[in-house]
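Since the structure comes first, as structure tokens, the remarks are kept for the end.
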Number of protein chains: 2
Amino acid sequence: MPHFVDTLLEHIRVKGSPVCVGVDPVYERLPAELREDGQAEPAARLEAIHRYVADLLTAVSPHVPAVKFQSACFERYGWEGVETYHSLIQEAKARSLLVIGDVKRGDIGVSAEHYAAGCLSDQPAIDDGDHAAPDAVTIASYFGVDGIGPFLDAAASQGKGVFALVRTSNPGGDAIQSLKLADGRSVAQAVAELVAGIGSDARWIGASGYSLLGAVVGATKPADAAELRRLMPRQLFLVPGFGAQGGGADDVRACFKPDGTGALITASRSVIFAYEQSPADDWMMRVERAAAELRSQIRAILGW
Amino acid sequence: MPHFVDTLLEHIRVKGSPVCVGVDPVYERLPAELREDGQAEPAARLEAIHRYVADLLTAVSPHVPAVKFQSACFERYGWEGVETYHSLIQEAKARSLLVIGDVKRGDIGVSAEHYAAGCLSDQPAIDDGDHAAPDAVTIASYFGVDGIGPFLDAAASQGKGVFALVRTSNPGGDAIQSLKLADGRSVAQAVAELVAGIGSDARWIGASGYSLLGAVVGATKPADAAELRRLMPRQLFLVPGFGAQGGGADDVRACFKPDGTGALITASRSVIFAYEQSPADDWMMRVERAAAELRSQIRAILGW
């Protein structure tokens, strides 16, 4: 069975790009030519989103090894949205993109097993040739090992991966994540050590030395990121929040190891809605250019 | 607009039952007469689950004001499972049961808005007469106010409710939730105070004095529960883990206020699979009896 992080690192190497585009489609922000005038029905909205995302994937695929699908943008359309999500994951795979399902699921015991089966498994109900499950998913950490373990089992048996939420990029997250513990750590650091511990079992470690249990680390505070990098040596970081959410060069650098591995930097709105700055241009060209620029920007930060 | 907790308290009063049945269907545990011999296709499994849950709802409806649907058990069947979930929520409403969707969703900002729309809203794609959205949902707390606020907005505008995860009933949850902060509180207590603060805004408070932001409080440690009850005077507690997960009488008592309001006690497997103890009996009768016993048990604990 291939190891997810080994596969991802190889894709990053081939494309020279430790970058991921976040696919967070919102009907109201689609290119004008894909939208109807007036109030569109949900089915028409979903159809427009399908066409948009399929072309978006084509536009970004030369520049990035992976895309991250924001499940919420599809779930808001009920089960038909969920079908579209799985259909578009298949479109991404057809373009040789790895897919991270940003589902942030979490529960305990047998419920976590059900979630893992639902969001990670290429089961008959989902994988029918036109629909697929993602290569990795994001999950909650608050439940501890009982919540994380079932996802690891499901991922390992299919060569897939998991990213546990450690630090979010929103200001409100500090209210819990920045609290100081009696032992001097922050809550986020304690979560990081928990994730590092759970992920360090030899079963989860690939040839690269990384664990199939990665970490979601919001890119907003360089000192925080450097400390989390130290606490989680075997975790690949999925770093949302570059660009639109305010992360910058120092934050990005702190997420990588000296050897240039260790993180996958994600930008969403700044790429997928890049055409909003110049609506007269071809929208796919604008998106492709934004993805290429994002790749160059991150390469420059890393001195590649 | 009616207030969710006011409505729930009235349903509890009418049925004399602060009790909720957790609907966590698992094909392998359905009554034998509903299962096929050998390996059933996913569609056949879902069809069996549909028949089972519809009859289950009929059986428990005389004894409980509300049911809690475990979304994971449906999501494991992909989008067809999600459709079944919404279809069965409509079946529950047709039996005058309030429905809590146990989805534990969480994200920040606009993604949280999308989740809120997807899991709470009676939107056209979902609410077509045969399908419905739940009256309340469970959500994550780790994101702070940015993650909780969008769900409150969506809930308030539709007379619905939200339960934020404060304390889970699994042993592994202690690894984070029981950590001691520098100020002497536990992480769970800090989360409780955050939830109490967010929920205390006058916009969210009903005629009963309760907030539409409730709390999920696992029933495993009476002293913990008593302290959380003190920290969250305006939160209705959704208490999973009674019965199968190990919660007992003292835990239950600690979740209520002296006036007998304040909690909705949930049991799942001990009720919905009650027929496993005596497979020769009519399974619906066994389930109905288990729901009635659960109600009596909780009433006895409360001295009703």
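Identifiers for the structure tokens are assigned positionally: chains receive A, B, ... in sequence, residues are indexed from 1 per chain, and ligands are indexed from 1 in the order shown.
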Within 6 Å of chain A, which residues of chain B show up when using only C-alpha atoms, listed as an MDAnalysis selection string?
-> chainID B and resid 72:73 75:76 78:79 82:83 111 114:115 117:118 126 143:146 172:173 180:182
All helix (DSSP H, G or I) residues (DSSP, backbone) inside region 61-224 of chain B, as a VMD selection string | chain B and resid 71 to 75 78 to 94 109 to 120 145 to 156 171 to 177 187 to 199 202 to 204 222 to 224
Got a sec: who's within 8 Å of Ile301 (chain A), counting only C-alpha atoms, leaving out chain neighbours fewer than 4 positions off, as a list in words?
->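 The filter keeps Ala249, Val252, Arg253 and Gln297 of chain A.
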Mind dumping the selected residues with C-alpha atoms as a CSV table (one decimal), in the first residue's frame?
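This is the output file part-v4.csv:
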chain,number,residue,atom,x,y,z
A,249,ALA,CA,6.1,34.9,4.1
A,252,VAL,CA,5.1,30.1,5.6
A,253,ARG,CA,8.8,29.7,6.2
A,297,GLN,CA,5.6,33.3,-4.5
Hey, what does DSSP flag as strand (DSSP E or B) within region 84-252 of chain A? Can you give it to me as a PyMOL selection string?
-> chain A and resi 98-105+136-139+161-167+180-181+186+205+211+213-217+237-239+242+247
Tell me which protein, DNA and RNA residues are within 12 Å of region 58-61 of chain A, counting only C-alpha atoms, leaving out same-chain ones fewer than 6 positions away, and put them as a ChimeraX atom specification.
-> /A:11,15,17,19-23,51-52,67,88,91-99,267-268,271-272,274,282-295
Polymer residues at most 10 Å from Arg35 (chain B), only C-alpha atoms, same-chain spacing of 2 or more positions, as JSON, numbers by chain = {"B": [27, 28, 29, 30, 31, 32, 33, 37, 38, 39, 40, 44, 45, 47, 48, 49, 52]}
Output of the above residues as a CSV table (one decimal), in the first residue's frame, restricted to N, CA, C and O atoms:
chain,number,residue,atom,x,y,z
B,27,TYR,N,-26.4,-1.3,10.0
B,27,TYR,CA,-27.1,-2.4,9.2
B,27,TYR,C,-27.0,-3.7,9.9
B,27,TYR,O,-27.9,-4.5,10.1
B,28,GLU,N,-25.7,-4.0,10.3
B,28,GLU,CA,-25.4,-5.3,10.9
B,28,GLU,C,-26.2,-5.6,12.2
B,28,GLU,O,-26.3,-6.8,12.6
B,29,ARG,N,-26.7,-4.6,12.8
B,29,ARG,CA,-27.5,-4.8,14.1
B,29,ARG,C,-29.0,-4.6,13.9
B,29,ARG,O,-29.7,-4.6,14.9
B,30,LEU,N,-29.4,-4.5,12.7
B,30,LEU,CA,-30.9,-4.4,12.5
B,30,LEU,C,-31.6,-5.7,12.9
B,30,LEU,O,-30.9,-6.7,12.8
B,31,PRO,N,-32.8,-5.7,13.2
B,31,PRO,CA,-33.6,-6.9,13.4
B,31,PRO,C,-33.4,-7.9,12.2
B,31,PRO,O,-33.4,-7.4,11.1
B,32,ALA,N,-33.2,-9.1,12.5
B,32,ALA,CA,-32.9,-10.1,11.5
B,32,ALA,C,-33.9,-10.1,10.3
B,32,ALA,O,-33.5,-10.2,9.1
B,33,GLU,N,-35.2,-9.8,10.6
B,33,GLU,CA,-36.2,-9.9,9.6
B,33,GLU,C,-36.0,-8.7,8.6
B,33,GLU,O,-36.6,-8.8,7.5
B,37,ASP,N,-30.0,-12.2,3.8
B,37,ASP,CA,-28.9,-13.1,4.0
B,37,ASP,C,-27.7,-12.7,3.1
B,37,ASP,O,-27.9,-12.2,2.0
B,38,GLY,N,-26.5,-13.0,3.6
B,38,GLY,CA,-25.3,-12.7,2.7
B,38,GLY,C,-25.1,-11.2,2.6
B,38,GLY,O,-25.5,-10.4,3.4
B,39,GLN,N,-24.3,-10.9,1.6
B,39,GLN,CA,-23.8,-9.5,1.4
B,39,GLN,C,-24.8,-8.6,0.7
B,39,GLN,O,-25.2,-8.8,-0.4
B,40,ALA,N,-25.4,-7.6,1.4
B,40,ALA,CA,-26.4,-6.8,0.8
B,40,ALA,C,-25.7,-5.6,0.1
B,40,ALA,O,-24.7,-5.1,0.6
B,44,ALA,N,-29.7,-1.6,-0.8
B,44,ALA,CA,-30.6,-2.5,0.0
B,44,ALA,C,-30.4,-2.2,1.5
B,44,ALA,O,-31.3,-2.3,2.2
B,45,ARG,N,-29.1,-1.9,1.9
B,45,ARG,CA,-28.9,-1.6,3.3
B,45,ARG,C,-29.6,-0.3,3.7
B,45,ARG,O,-30.2,-0.3,4.7
B,47,GLU,N,-32.2,1.0,2.3
B,47,GLU,CA,-33.6,0.7,2.3
B,47,GLU,C,-34.1,0.1,3.6
B,47,GLU,O,-35.1,0.4,4.2
B,48,ALA,N,-33.2,-0.9,4.0
B,48,ALA,CA,-33.5,-1.6,5.3
B,48,ALA,C,-33.4,-0.6,6.5
B,48,ALA,O,-34.3,-0.6,7.4
B,49,ILE,N,-32.4,0.3,6.4
B,49,ILE,CA,-32.3,1.3,7.5
B,49,ILE,C,-33.5,2.2,7.5
B,49,ILE,O,-34.0,2.6,8.6
B,52,TYR,N,-36.4,0.4,9.1
B,52,TYR,CA,-36.1,0.2,10.6
B,52,TYR,C,-36.3,1.5,11.3
B,52,TYR,O,-37.0,1.6,12.3
Which of A:Ala155, A:Ala263, A:Ile298, A:Ala254 sits closest to Leu236 (chain A) [using only C-alpha atoms] |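 The answer is A:Ala263, which sits nearest to Leu236 (chain A).
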Long-range neighbours of Gln235 (chain A) as a PyMOL selection string, 12 Å cut-off, only C-alpha atoms, 5 positions minimum in chain | chain A and resi 5+161-166+192-200+204-206+208-217+228-230+255-257+261-264
Which of these residues is nearest to Thr266 (chain B), using only C-alpha atoms: B:Gly218, B:Gly16, B:Pro150, B:Pro279?
->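 Smallest separation from Thr266 (chain B) among the options: B:Gly218.
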Rank B:Ala132, B:Val239, B:Val64, B:Ala207 by their smallest atom-to-atom distance to Ala225 (chain B), using only C-alpha atoms, and report the top residue only.
-> B:Val239
Length of the CA of Lys221 (chain A) to CA of Asp251 (chain A) vector [Å] =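 Taking CA of Lys221 (chain A) as the start and CA of Asp251 (chain A) as the end point, the length is 6.0 Å.
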Separation of CA of Val53 (chain A) from CA of Gly248 (chain A) in Å =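 Calculated distance between CA of Gly248 (chain A) and CA of Val53 (chain A) is 26.4 Å.
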